[in-house]
Every structure is written in C-alpha cells, then in structure tokens.
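model_25.cif follows (mmCIF, C-alpha atoms):
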```
data_data
loop_
_atom_site.label_atom_id
_atom_site.label_comp_id
_atom_site.auth_asym_id
_atom_site.auth_seq_id
_atom_site.Cartn_x
_atom_site.Cartn_y
_atom_site.Cartn_z
CA MET A 222 -21.50 215.29 34.96
CA ALA A 223 -18.76 212.73 35.45
CA ILE A 224 -18.75 209.04 36.36
CA LEU A 225 -22.38 207.97 36.16
CA LYS A 226 -21.72 204.32 36.91
CA ASN A 227 -18.84 202.25 38.24
CA GLU A 228 -20.04 198.80 39.25
CA PRO A 229 -18.85 195.20 39.02
CA ILE A 230 -20.22 193.64 35.85
CA PHE A 231 -21.19 190.58 37.88
CA PRO A 232 -20.70 189.52 41.50
CA PHE A 233 -17.07 188.70 42.17
CA THR A 234 -16.78 185.15 43.44
CA GLU A 235 -13.76 183.49 45.01
CA GLY A 236 -12.15 181.21 42.46
CA ASN A 237 -13.30 183.25 39.46
CA TYR A 238 -10.41 185.09 37.81
CA ALA A 239 -11.98 188.08 36.07
CA LYS A 240 -13.13 191.08 38.11
CA PRO A 241 -14.28 193.61 35.51
CA HIS A 242 -16.23 196.82 36.07
CA HIS A 243 -18.76 198.62 33.91
CA ILE A 244 -18.00 202.33 33.89
CA ILE A 245 -20.11 205.05 32.28
CA ILE A 246 -18.59 208.51 32.11
CA ALA A 247 -20.08 211.68 30.66
CA GLY A 248 -19.22 215.36 30.38
CA SER A 249 -16.62 217.52 28.74
CA ASP A 250 -13.41 215.87 27.59
CA GLU A 251 -11.44 217.64 30.31
CA GLU A 252 -13.92 216.38 32.93
CA ILE A 253 -13.62 212.86 31.53
CA GLY A 254 -9.84 213.00 31.81
CA TYR A 255 -9.98 214.40 35.34
CA GLU A 256 -12.50 211.85 36.65
CA LEU A 257 -10.77 208.85 35.07
CA ALA A 258 -7.39 210.02 36.37
CA SER A 259 -8.83 210.43 39.86
CA LEU A 260 -10.24 206.89 39.64
CA ALA A 261 -6.95 205.54 38.28
CA LYS A 262 -5.01 207.05 41.19
CA GLU A 263 -7.43 205.91 43.87
CA LYS A 264 -8.38 202.40 42.72
CA TYR A 265 -5.75 201.26 40.21
CA ASP A 266 -2.49 202.65 41.66
CA CYS A 267 -1.74 204.35 38.36
CA LYS A 268 1.66 206.02 38.07
CA LEU A 269 2.19 208.35 35.13
CA GLU A 270 5.12 207.57 32.82
CA LYS A 271 7.79 210.19 32.17
CA TYR A 272 9.14 211.32 28.83
CA ASP A 273 12.87 210.93 28.22
CA ASP A 274 13.10 214.64 27.54
CA PRO A 275 10.53 217.45 27.88
CA ILE A 276 10.76 218.11 24.13
CA TYR A 277 8.77 214.91 23.57
CA GLY A 278 6.04 216.09 25.92
CA GLU A 279 5.88 219.53 24.33
CA ALA A 280 5.69 218.11 20.81
CA ARG A 281 3.11 215.52 21.84
CA ARG A 282 0.81 218.16 23.28
CA GLU A 283 1.07 220.06 20.00
CA PHE A 284 0.29 216.86 18.11
CA PHE A 285 -2.87 216.20 20.13
CA LYS A 286 -3.96 219.83 19.82
CA ARG A 287 -3.84 219.54 16.03
CA ASN A 288 -4.85 215.94 15.45
CA TRP A 289 -6.86 214.70 18.43
CA PRO A 290 -8.30 217.67 20.34
CA GLU A 291 -10.44 215.34 22.47
CA MET A 292 -7.30 213.74 23.90
CA ASN A 293 -5.68 217.13 24.29
CA GLU A 294 -8.56 218.12 26.58
CA ARG A 295 -8.59 214.80 28.44
CA ALA A 296 -4.84 215.11 29.06
CA LYS A 297 -5.50 218.53 30.62
CA GLY A 298 -7.89 216.86 33.03
CA VAL A 299 -5.30 214.21 33.87
CA ARG A 300 -2.71 216.89 34.66
CA ARG A 301 -5.20 218.60 36.96
CA ALA A 302 -5.98 215.35 38.78
CA TYR A 303 -2.27 214.67 39.33
CA GLY A 304 -1.51 218.22 40.46
CA LEU A 305 0.67 219.02 37.45
CA SER A 306 0.98 222.44 35.89
CA GLU A 307 -0.93 223.12 32.69
CA ASP A 308 2.35 223.43 30.74
CA ASP A 309 3.98 220.31 32.20
CA ASN A 310 6.01 218.40 29.59
CA GLU A 311 7.66 215.88 31.90
CA TYR A 312 4.80 213.40 32.27
CA ASP A 313 2.74 211.62 29.63
CA THR A 314 -0.83 212.51 30.59
CA SER A 315 -2.40 210.88 27.52
CA SER A 316 -2.24 207.49 29.23
CA LEU A 317 -3.38 206.05 32.56
CA PRO A 318 -1.54 202.71 32.70
CA TYR A 319 -2.13 200.08 35.38
CA ASP A 320 -1.39 196.41 36.08
CA VAL A 321 1.66 196.43 33.77
CA TYR A 322 4.90 195.26 35.36
CA ASP A 323 8.59 194.73 34.61
CA CYS A 324 8.51 196.55 31.29
CA ILE A 325 11.80 196.47 29.42
CA ARG A 326 12.88 199.01 26.83
CA GLY A 327 15.21 198.06 24.03
CA GLU A 328 13.88 194.53 23.63
CA SER A 329 10.94 193.03 21.81
CA ILE A 330 8.67 190.09 22.49
CA SER A 331 7.07 187.87 19.88
CA PHE A 332 4.18 185.52 20.53
CA SER A 333 0.83 184.51 19.07
CA ALA A 334 -2.23 186.00 20.72
CA CYS A 335 -5.82 186.51 19.60
CA SER A 336 -8.10 185.56 16.72
CA GLY A 337 -11.01 187.44 15.19
CA LEU A 338 -13.38 187.68 12.27
CA VAL A 339 -16.12 189.54 10.45
CA LEU A 340 -18.85 187.55 8.71
CA PRO A 341 -20.10 188.77 5.31
CA ILE A 342 -23.06 191.15 5.49
CA GLU A 343 -24.21 189.68 2.18
CA GLU A 344 -24.83 186.35 3.94
CA SER A 345 -26.41 187.67 7.16
CA ASP A 346 -29.88 186.66 8.27
CA ASN A 347 -31.37 190.07 7.49
CA LYS A 348 -28.85 191.36 4.91
CA LYS A 349 -27.84 194.17 7.26
CA GLY A 350 -26.34 192.45 10.29
CA VAL A 351 -22.58 192.89 10.55
CA TYR A 352 -21.42 190.18 12.91
CA THR A 353 -17.95 190.09 14.46
CA ALA A 354 -16.26 187.98 17.11
CA ARG A 355 -12.82 187.77 18.66
CA ASN A 356 -10.77 185.95 21.28
CA HIS A 357 -8.34 187.99 23.34
CA ASP A 358 -5.62 185.50 24.26
CA LEU A 359 -3.03 186.16 26.92
CA PHE A 360 -2.29 184.67 30.33
CA PRO A 361 -3.97 185.05 33.74
CA LEU A 362 -0.63 186.15 35.16
CA PRO A 363 1.16 189.52 35.54
CA THR A 364 1.88 191.47 32.36
CA TRP A 365 4.65 191.69 31.11
CA SER A 366 6.52 189.93 33.88
CA THR A 367 5.44 186.46 32.75
CA LEU A 368 6.86 186.80 29.25
CA PHE A 369 10.18 187.96 30.70
CA GLY A 370 10.36 184.95 33.03
CA LYS A 371 9.49 186.86 36.20
CA LYS A 372 6.73 186.46 38.79
CA GLY A 373 5.77 190.09 39.04
CA PRO A 374 5.93 192.27 42.15
CA GLU A 375 4.15 191.46 45.40
CA GLY A 376 0.39 191.95 45.02
CA ALA A 377 0.52 192.13 41.22
CA HIS A 378 -2.73 191.65 39.34
CA GLY A 379 -2.96 189.32 36.37
CA CYS A 380 -3.45 190.29 32.75
CA GLU A 381 -7.02 191.57 32.19
CA GLU A 382 -7.98 190.52 35.74
CA ARG A 383 -9.22 194.07 36.24
CA ALA A 384 -10.40 194.74 32.69
CA ASN A 385 -13.22 197.23 32.20
CA VAL A 386 -16.07 198.00 29.87
CA ILE A 387 -16.02 201.81 29.70
CA GLU A 388 -18.75 203.79 27.98
CA PHE A 389 -17.69 207.31 27.01
CA ARG A 390 -20.43 209.93 26.59
CA PRO A 391 -18.59 213.16 25.75
CA ASP A 392 -20.49 216.41 25.37
CA LYS A 393 -19.09 216.65 21.84
CA GLY A 394 -18.24 213.83 19.44
CA TYR A 395 -19.21 210.20 19.18
CA LYS A 396 -20.18 208.00 22.09
CA SER A 397 -18.04 204.88 22.34
CA ILE A 398 -17.60 201.69 24.35
CA LEU A 399 -14.08 200.39 24.97
CA VAL A 400 -13.28 196.93 26.37
CA GLY A 401 -9.99 195.98 27.98
CA GLY A 402 -7.55 196.62 30.76
CA HIS A 403 -4.13 198.16 31.43
CA ASP A 404 -5.14 201.71 30.52
CA ILE A 405 -8.15 203.51 31.99
CA LEU A 406 -8.02 206.38 29.50
CA THR A 407 -7.85 204.24 26.35
CA PRO A 408 -8.73 200.58 26.96
CA PHE A 409 -7.33 199.03 23.81
CA ILE A 410 -8.58 195.51 23.14
CA ASP A 411 -11.98 196.12 21.50
CA GLY A 412 -14.31 199.02 20.90
CA ILE A 413 -17.36 200.31 19.05
CA ASN A 414 -18.89 203.73 18.65
CA GLU A 415 -22.47 204.85 18.19
CA LYS A 416 -22.01 205.00 14.41
CA GLY A 417 -21.24 201.27 14.29
CA LEU A 418 -17.47 201.55 13.74
CA TYR A 419 -15.58 198.69 15.40
CA PHE A 420 -11.93 197.89 16.05
CA THR A 421 -10.08 195.01 17.65
CA THR A 422 -6.35 194.38 18.04
CA PHE A 423 -4.17 191.28 17.63
CA ALA A 424 -0.50 190.53 18.14
CA ASP A 425 1.50 190.59 14.91
CA SER A 426 4.63 188.51 15.34
CA HIS A 427 6.16 190.08 12.21
CA GLY A 428 5.67 193.63 13.43
CA VAL A 429 8.45 196.04 14.27
CA GLY A 430 8.23 197.76 17.63
CA ALA A 431 9.10 197.77 21.30
CA GLY A 432 6.75 195.07 22.55
CA GLY A 433 6.96 194.76 26.32
CA ALA A 434 8.08 198.37 26.73
CA PRO A 435 6.12 200.95 28.74
CA MET A 436 2.96 201.99 26.91
CA ALA A 437 3.53 205.68 27.57
CA GLY A 438 6.27 208.25 28.04
CA GLY A 439 9.80 207.59 26.85
CA ARG A 440 10.28 208.77 23.28
CA ILE A 441 6.72 208.19 22.09
CA ASN A 442 5.47 210.67 19.53
CA GLY A 443 2.20 210.69 17.65
CA LEU A 444 -0.14 207.88 18.70
CA SER A 445 0.89 204.74 20.52
CA ASP A 446 -0.60 201.55 19.11
CA VAL A 447 -2.71 201.14 22.25
CA GLN A 448 -4.31 204.56 21.65
CA LEU A 449 -5.16 204.02 18.00
CA GLY A 450 -8.53 202.33 18.53
CA ALA A 451 -9.84 205.07 20.83
CA TYR A 452 -8.60 207.68 18.35
CA LEU A 453 -10.54 206.08 15.51
CA LEU A 454 -13.74 205.84 17.54
CA SER A 455 -13.45 209.54 18.41
CA ASN A 456 -13.05 210.66 14.82
CA CYS A 457 -14.52 208.13 12.42
CA ALA A 458 -17.87 206.64 11.40
CA THR A 459 -16.76 204.28 8.61
CA VAL A 460 -13.84 202.12 7.55
CA GLU A 461 -13.04 204.68 4.86
CA ASP A 462 -12.86 207.41 7.51
CA ALA A 463 -10.59 205.16 9.62
CA LYS A 464 -8.19 204.54 6.73
CA LYS A 465 -7.83 208.25 6.07
CA ALA A 466 -7.34 208.97 9.76
CA ILE A 467 -4.59 206.35 10.01
CA LEU A 468 -2.86 207.55 6.85
CA THR A 469 -2.71 211.10 8.17
CA THR A 470 -1.24 210.31 11.56
CA ARG A 471 1.77 208.62 13.15
CA VAL A 472 1.45 205.26 14.91
CA MET A 473 4.20 203.85 17.14
CA GLN A 474 4.28 200.22 18.30
CA VAL A 475 5.18 200.21 21.98
CA GLY A 476 2.92 198.09 24.21
CA MET A 477 3.07 195.24 21.73
CA CYS A 478 3.39 194.78 17.99
CA ILE A 479 -0.14 194.67 16.63
CA HIS A 480 -2.35 194.69 13.62
CA MET A 481 -5.95 195.82 13.76
CA LEU A 482 -9.24 194.64 12.32
CA ILE A 483 -11.65 197.51 11.60
CA ALA A 484 -15.28 197.15 10.45
CA ASP A 485 -18.39 199.32 10.07
CA ARG A 486 -22.15 198.89 10.04
CA ASP A 487 -22.24 198.80 6.22
CA GLY A 488 -20.23 195.58 6.22
CA ASN A 489 -16.92 197.09 5.15
CA ALA A 490 -13.94 195.58 6.93
CA THR A 491 -10.17 195.81 6.69
CA VAL A 492 -7.02 194.72 8.51
CA PHE A 493 -4.53 197.51 9.14
CA GLU A 494 -0.85 196.53 9.30
CA ILE A 495 2.53 198.26 9.28
CA ASP A 496 4.88 196.70 6.75
CA LYS A 497 8.01 195.36 8.41
CA THR A 498 10.39 196.47 5.66
CA SER A 499 9.06 199.80 4.42
CA GLN A 500 6.98 200.77 7.49
CA ALA A 501 4.19 201.61 5.03
CA TYR A 502 0.63 201.49 6.32
CA VAL A 503 -1.17 198.65 4.56
CA PHE A 504 -4.87 197.67 4.40
CA THR A 505 -6.33 194.29 3.41
CA ASP A 506 -10.05 194.58 2.74
CA ARG A 507 -12.82 192.04 3.12
CA LYS A 508 -14.01 190.79 -0.28
CA PRO A 509 -17.76 190.92 -1.07
CA GLY A 510 -19.53 187.73 -0.04
CA GLU A 511 -16.56 186.49 1.99
CA PRO A 512 -15.59 186.70 5.67
CA LEU A 513 -12.43 188.39 6.91
CA PHE A 514 -10.27 186.48 9.40
CA CYS A 515 -7.31 187.73 11.41
CA THR A 516 -4.86 185.81 13.58
CA ASN A 517 -1.18 186.70 14.17
CA HIS A 518 0.64 186.81 10.86
CA PRO A 519 0.65 189.68 8.34
CA ILE A 520 -2.55 189.23 6.33
CA ALA A 521 -1.18 191.32 3.46
CA LEU A 522 1.86 189.04 3.06
CA TYR A 523 0.06 185.69 3.32
CA THR A 524 -2.99 186.01 1.11
CA ASP A 525 -2.62 182.47 -0.31
CA SER A 526 -2.98 179.69 2.26
CA SER A 527 -1.16 177.28 -0.05
CA LYS A 528 1.98 179.31 0.67
CA PHE A 529 1.67 179.25 4.46
CA PRO A 530 4.80 178.00 6.25
CA ALA A 531 4.66 174.37 7.36
CA TYR A 532 3.44 173.66 10.89
CA SER A 533 2.74 170.62 13.03
CA GLU A 534 -0.89 169.54 13.29
CA GLU A 535 -0.32 169.47 17.05
CA ALA A 536 0.50 173.19 17.00
CA GLU A 537 -3.12 174.20 17.44
CA HIS A 538 -2.33 177.76 18.47
CA ASN A 539 -0.02 178.35 15.52
CA THR A 540 -1.31 181.39 13.64
CA PHE A 541 -1.47 179.58 10.28
CA TYR A 542 -3.16 176.53 11.82
CA ARG A 543 -5.87 178.78 13.28
CA MET A 544 -6.38 180.61 10.00
CA ASN A 545 -6.82 177.34 8.13
CA LEU A 546 -9.15 176.00 10.82
CA LEU A 547 -11.33 179.12 10.61
CA ASP A 548 -11.46 178.76 6.81
CA LYS A 549 -12.34 175.07 6.99
CA THR A 550 -15.00 175.52 9.68
CA TYR A 551 -16.57 178.46 7.86
CA ALA A 552 -16.78 176.43 4.64
CA ASP A 553 -18.97 173.91 6.47
CA MET A 554 -21.33 176.56 7.86
CA LYS A 555 -24.66 177.34 6.23
CA ALA A 556 -25.96 180.84 5.52
CA PRO A 557 -27.87 182.92 6.45
CA PHE A 558 -25.71 183.77 9.47
CA LYS A 559 -26.74 185.04 12.90
CA LYS A 560 -24.70 186.99 15.44
CA SER A 561 -24.17 183.80 17.45
CA ASP A 562 -22.59 182.12 14.40
CA ALA A 563 -19.66 184.53 14.65
CA LYS A 564 -19.17 183.56 18.29
CA ASP A 565 -19.44 179.85 17.52
CA LEU A 566 -16.89 180.18 14.74
CA VAL A 567 -14.25 181.95 16.84
CA ASP A 568 -14.86 179.44 19.64
CA VAL A 569 -13.18 176.74 17.50
CA VAL A 570 -9.87 178.55 18.10
CA HIS A 571 -10.48 179.19 21.81
CA CYS A 572 -7.08 179.23 23.52
CA ALA A 573 -6.61 176.82 26.45
CA PHE A 574 -4.11 173.98 26.25
CA VAL A 575 -2.65 171.36 28.56
CA ASP A 576 0.75 171.35 26.84
CA ASP A 577 1.42 174.95 25.78
CA LYS A 578 4.69 174.12 24.07
CA LYS A 579 3.10 171.49 21.85
CA ALA A 580 0.32 173.90 20.92
CA GLU A 581 2.80 176.77 20.34
CA ALA A 582 0.97 178.89 22.92
CA ALA A 583 2.57 181.16 25.50
CA PHE A 584 2.88 179.89 29.07
CA GLU A 585 -0.63 179.25 30.47
CA GLU A 586 -2.13 181.34 27.66
CA ARG A 587 -5.94 181.49 27.74
CA THR A 588 -8.77 183.27 26.00
CA LEU A 589 -9.29 185.93 28.67
CA ILE A 590 -11.96 187.98 26.89
CA ASN A 591 -14.34 187.05 24.09
CA THR A 592 -16.44 189.64 22.27
CA ASN A 593 -19.27 189.28 19.75
CA CYS A 594 -20.83 192.27 17.98
CA ASP A 595 -23.73 193.27 15.77
CA LEU A 596 -22.56 196.55 14.26
CA SER A 597 -25.93 197.29 12.68
CA LYS A 598 -27.41 198.01 16.13
CA PRO A 599 -24.58 198.66 17.34
CA GLU A 600 -23.84 196.45 20.36
CA ILE A 601 -21.01 194.45 21.84
CA THR A 602 -21.38 191.25 23.87
CA VAL A 603 -18.56 190.28 26.24
CA ARG A 604 -17.52 187.11 28.07
CA PHE A 605 -14.68 186.93 30.61
CA TYR A 606 -12.40 184.08 31.67
CA PHE A 607 -13.14 182.59 35.10
CA GLY A 608 -10.75 179.63 35.30
CA ASP A 609 -9.87 176.08 34.22
CA ASP A 610 -12.00 173.00 34.83
CA GLY A 611 -9.38 170.47 33.76
CA PRO A 612 -8.15 168.65 30.64
CA VAL A 613 -10.52 167.46 27.92
CA PRO A 614 -9.87 163.70 27.62
CA GLY A 615 -8.17 162.61 24.42
CA THR A 616 -7.11 166.14 23.46
CA ASN A 617 -4.54 168.78 24.33
CA HIS A 618 -7.37 171.14 25.26
CA MET A 619 -8.14 172.54 28.68
CA LYS A 620 -11.82 173.06 29.49
CA THR A 621 -12.36 176.60 30.78
CA ARG A 622 -15.13 178.51 32.52
CA MET A 623 -16.30 181.79 30.97
CA SER A 624 -18.80 184.29 32.32
CA GLU A 625 -22.29 184.47 30.90
CA PRO A 626 -22.44 186.80 27.87
CA LEU A 627 -23.33 190.39 28.70
CA THR A 628 -24.36 192.89 26.02
CA PHE A 629 -23.61 196.63 26.01
CA GLY A 630 -25.03 199.17 23.58
CA PHE A 631 -26.12 202.79 23.22
CA ASP A 632 -29.32 204.44 24.42
#
```
Let me see the structure of the file written as structure tokens.
Amino acid sequence: MAILKNEPIFPFTEGNYAKPHHIIIAGSDEEIGYELASLAKEKYDCKLEKYDDPIYGEARREFFKRNWPEMNERAKGVRRAYGLSEDDNEYDTSSLPYDVYDCIRGESISFSACSGLVLPIEESDNKKGVYTARNHDLFPLPTWSTLFGKKGPEGAHGCEERANVIEFRPDKGYKSILVGGHDILTPFIDGINEKGLYFTTFADSHGVGAGGAPMAGGRINGLSDVQLGAYLLSNCATVEDAKKAILTTRVMQVGMCIHMLIADRDGNATVFEIDKTSQAYVFTDRKPGEPLFCTNHPIALYTDSSKFPAYSEEAEHNTFYRMNLLDKTYADMKAPFKKSDAKDLVDVVHCAFVDDKKAEAAFEERTLINTNCDLSKPEITVRFYFGDDGPVPGTNHMKTRMSEPLTFGFD
C-alpha cells in the first residue's frame, strides 16, 4: 500500500489562488516516507537540506530512533527515494520542504499571523462537542522572500498556494490528518488524529528562534517547531499526553517562532509556549466554562487584558486588538454553541486589509486557510483563499473569496 489518493480538492480555476490536493497514504512508516519523498521530488521540486556537520545528522537519527521511531522509519524511506545510503548523515531526511525561498540564517523575523480558539465543551449544544476554529494568516506571495523584501525566484509559488490535506494511515499507530504546505512529510499548520487530539500553530512575536531560516538541516537537533504537531499526533491521544511528550523532548524554533494551541475530544485545551527568558516550556490551560483564544502574543505573560499594551483602534490586526475583539464578540454570543459558531467567531478577525500598515498587518497578508473542527467526531473542515473582490466601503477591510467548506474525517 502507498498513496491511495492524490487529487485536487476542487477544480482549479484560473483566477483562484489556492490549488490544494487531498492525499491519502497508507502502509508502513518506511513506505510512507518513500512514497511521499518520491512525490516531493517529482511534483514539488523538493531539495533536501544539508546538516552543517555530519555529527548533527548522526545524533538526529539516534534521537528519532529513541523518541519518534515512526519518523526514524519514514526518514529511512526518504533516504531510499533520494538514493542515499542507509547511514547517510549529510542530509536531513526528516523533512521534505518545498515552496520556501530566500531563507536567511542568523536573522529573525517578527510579525503577527493567525488567530484561533476553542469553545467550552460545557456550553456546547450536546455537552460533548469540542469546537475549534482558526485563521492561518500569511501572504499569497513567495515565502520567505516577501518578508525579506524580495520577489522570489522565477516560477516561485506563493505561500500555501500548493497546501495539502494529507491523511496518514500507518500500519501501526494513530491515523492523522495534517493541513498545510511547505513540507510534504509534516504539514504543520493544523492537524487532528483519530483519537480527537488537535493542534494548530500561530506566530509568537515574542519567541526566540531563527524565523525565516531553513526548516531543516543546519544545526537542528531534536524536533523542529514545524515537526512538533505531527509528532504529537503520532504519539498522543490527550492534552495531558501532549504535555508530557513536549516536556520530554527538545523543540527548536527554526521555520518561524510559534506557539501552539492543543485540544482534545474531552474539551481540554492548552497553549504551549517557550518562555523568552528562561526557555522553559509553559502551558496555559483553558478554564472550565470558558473559551481559550490564541493570537500572537505570549498568552502566559498577558493573562489580564487590562494590562495589554496600548494600540490604535485602527490597528485591527494587532494581536491585542484581535484578542479583545474575540473576547467582546464571544461575550455577546448565546449558548449552547454549535460547530459553526466557532467559525463565525474567528471570522470576525479574518485578515484582509486595504491599508496593511494602518492595520499592522504584513504586506498583502490574508487569511489563506481557515479550519473548523469538531473533535468529538473527530473531523476538520477547511476553507482556502481564492482572491480579493475589492475594498469594503467605509472600512479598511478587503472582501475576499474563500472556497466552499470541505470536511475531512476518519472512516
């Protein structure tokens, strides 16, 4: 068994930005690695990243063997697909990066991107629905070239233009669905597994890391931040499991500085962050009867909205503005809540502005992917960005076109 399905999620139409595929892959972990690497080479022009020194590759293989045997096997398959020897330590075969350009090591980028939430299970329509939603905000332009003031190489694809919904059905371990682009082996924006564990990632402007650097190779050891979600879905069924897994591993921030919202089908939810000063791993849990919101500031440091830094009311993409808007909008909502209520709530902070500078958004930043989950089933519903329809009169908002919602779950 190998790739059971690889089809466009919807017909690709001229003028519509997103061109995602739905991929279903099954088999042994080594077969999964081999087939995805073969696909990455053939269709996505994936070039493996090199380690700075073979000692990093050797140590990383030992790390995966002990801590993430599924990835250890998948990396074997990647080496086979790329014609590398079994004991190769030069190339990072735990990642299949694509559509990432002009990476720069030794610098860091800071910007606000993404909003998400978990509604309280205690207030759900059937007292068991765990409803989540998130906006993945970046720009329909080459990554990371745009943030470094470049156009990207000839023929470059835009951020998440070729995102995927990949369903993993390994012979052993949990089935999972990962949503996102830029790495075929571990898509890293959103994901759920068959046990109802969910993760989603957000930029953390206070984080410490090499944002804008290559997502693989170099001096990476342990897990990269873009691998963490896939690691949790492989190993964990609950938020408690995820906390223990994080606390017993090493996470490096390389693709971008992030924090992560994690939730399970029992309604438990937490935001995982790495403290800027101590580098301690910190968790902020959802309180019973309350939602949990996440934007782009450290949740653990700003628990009291009365102490948020001042911002202009015109700065509608400011992380603190969005947090307050989510709080205010939620306060006006009436329980019991449905899955669609989570989507409607996150839509109030949909990213699309006429004047990006006024809004404190990145250049041409848009909500490129929106997801909406019911973890009690579990299932994930996805919408993709198609394009702009023009300014909304009397506002700084740009009206955008999104795909129809499409839902993915487990048999």
Legend entry - Å distance separating CA of Asp313 (chain A) from CA of Gly438 (chain A), one decimal place: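 Pair CA of Asp313 (chain A) / CA of Gly438 (chain A) returns 5.1 Å.
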Inset, instruction - Name the residues, using the chain letters and numbers of the file, that sit within 12 Å of (-4.4, 202.2, 44.0) when counting all atoms listed in the file, and give them as a PyMOL selection string. - result: chain A and resi 258-268+318-320+376-378
Legend entry - Residues selected by the PyMOL selection byres ((chain A and resi 599) around 9), written as a PyMOL selection string: chain A and resi 413-418+486+594-598+600-601+629-631
Inset, instruction - Do a neighbour search on region 240-245 of chain A at 12 Å with only C-alpha atoms, toss out local chain neighbours closer than 5 positions, and write the hits as a PyMOL selection string. - result: chain A and resi 222-235+253+256-257+260+264+361+378-391+396-403+405-406+408+589-590+603-607+624+627-631
Can you pull out the residues contacting Lys349 (chain A)? Cut-off 8 Å, using only C-alpha atoms, and skip same-chain residues under 4 positions away; I want them as a PDB file with C-alpha atoms, in the frame of the given file.
```pdb
ATOM      1  CA  ILE A 342     -23.060 191.150   5.490  1.00  0.00           C
ATOM      2  CA  GLU A 343     -24.210 189.680   2.180  1.00  0.00           C
ATOM      3  CA  SER A 345     -26.410 187.670   7.160  1.00  0.00           C
ATOM      4  CA  ARG A 486     -22.150 198.890  10.040  1.00  0.00           C
ATOM      5  CA  ASP A 487     -22.240 198.800   6.220  1.00  0.00           C
ATOM      6  CA  GLY A 488     -20.230 195.580   6.220  1.00  0.00           C
ATOM      7  CA  SER A 597     -25.930 197.290  12.680  1.00  0.00           C
TER       8      SER A 597
END
```
Output as a compact mmCIF listing (two decimals), keeping the file's coordinate frame: region 369-376 of chain A, completed with all heavy atoms.
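Written output follows (result23.txt):
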```
# COMPACT_ATOMS: atom_id res chain seq x y z
N PHE A 369 8.76 187.75 30.44
CA PHE A 369 10.18 187.96 30.70
C PHE A 369 10.70 187.01 31.76
O PHE A 369 11.80 187.20 32.30
CB PHE A 369 10.44 189.41 31.09
CG PHE A 369 10.22 190.40 29.98
CD1 PHE A 369 9.44 191.52 30.16
CD2 PHE A 369 10.80 190.20 28.73
CE1 PHE A 369 9.24 192.44 29.14
CE2 PHE A 369 10.61 191.11 27.70
CZ PHE A 369 9.83 192.23 27.90
N GLY A 370 9.91 185.98 32.09
CA GLY A 370 10.36 184.95 33.03
C GLY A 370 10.37 185.38 34.47
O GLY A 370 11.11 184.80 35.29
N LYS A 371 9.55 186.37 34.83
CA LYS A 371 9.49 186.86 36.20
C LYS A 371 8.11 186.58 36.80
O LYS A 371 7.16 186.27 36.09
CB LYS A 371 9.79 188.36 36.24
CG LYS A 371 11.16 188.73 35.68
CD LYS A 371 11.39 190.22 35.74
CE LYS A 371 12.75 190.59 35.19
NZ LYS A 371 12.99 192.06 35.27
N LYS A 372 7.99 186.72 38.10
CA LYS A 372 6.73 186.46 38.79
C LYS A 372 5.89 187.72 38.95
O LYS A 372 4.70 187.64 39.24
CB LYS A 372 6.99 185.86 40.17
CG LYS A 372 7.55 184.44 40.13
CD LYS A 372 7.68 183.88 41.53
CE LYS A 372 8.17 182.44 41.50
NZ LYS A 372 8.29 181.87 42.87
N GLY A 373 6.48 188.86 38.78
CA GLY A 373 5.77 190.09 39.04
C GLY A 373 5.94 190.51 40.48
O GLY A 373 6.25 189.69 41.35
N PRO A 374 5.75 191.78 40.79
CA PRO A 374 5.93 192.27 42.15
C PRO A 374 4.86 191.74 43.09
O PRO A 374 3.84 191.20 42.67
CB PRO A 374 5.83 193.79 41.99
CG PRO A 374 5.02 193.98 40.75
CD PRO A 374 5.37 192.85 39.85
N GLU A 375 5.10 191.88 44.38
CA GLU A 375 4.15 191.46 45.40
C GLU A 375 2.81 192.17 45.19
O GLU A 375 2.74 193.37 44.99
CB GLU A 375 4.69 191.81 46.79
CG GLU A 375 3.81 191.33 47.94
CD GLU A 375 3.86 189.82 48.13
OE1 GLU A 375 4.87 189.20 47.70
OE2 GLU A 375 2.90 189.28 48.70
N GLY A 376 1.72 191.38 45.19
CA GLY A 376 0.39 191.95 45.02
C GLY A 376 0.01 192.27 43.60
O GLY A 376 -1.03 192.91 43.36
```
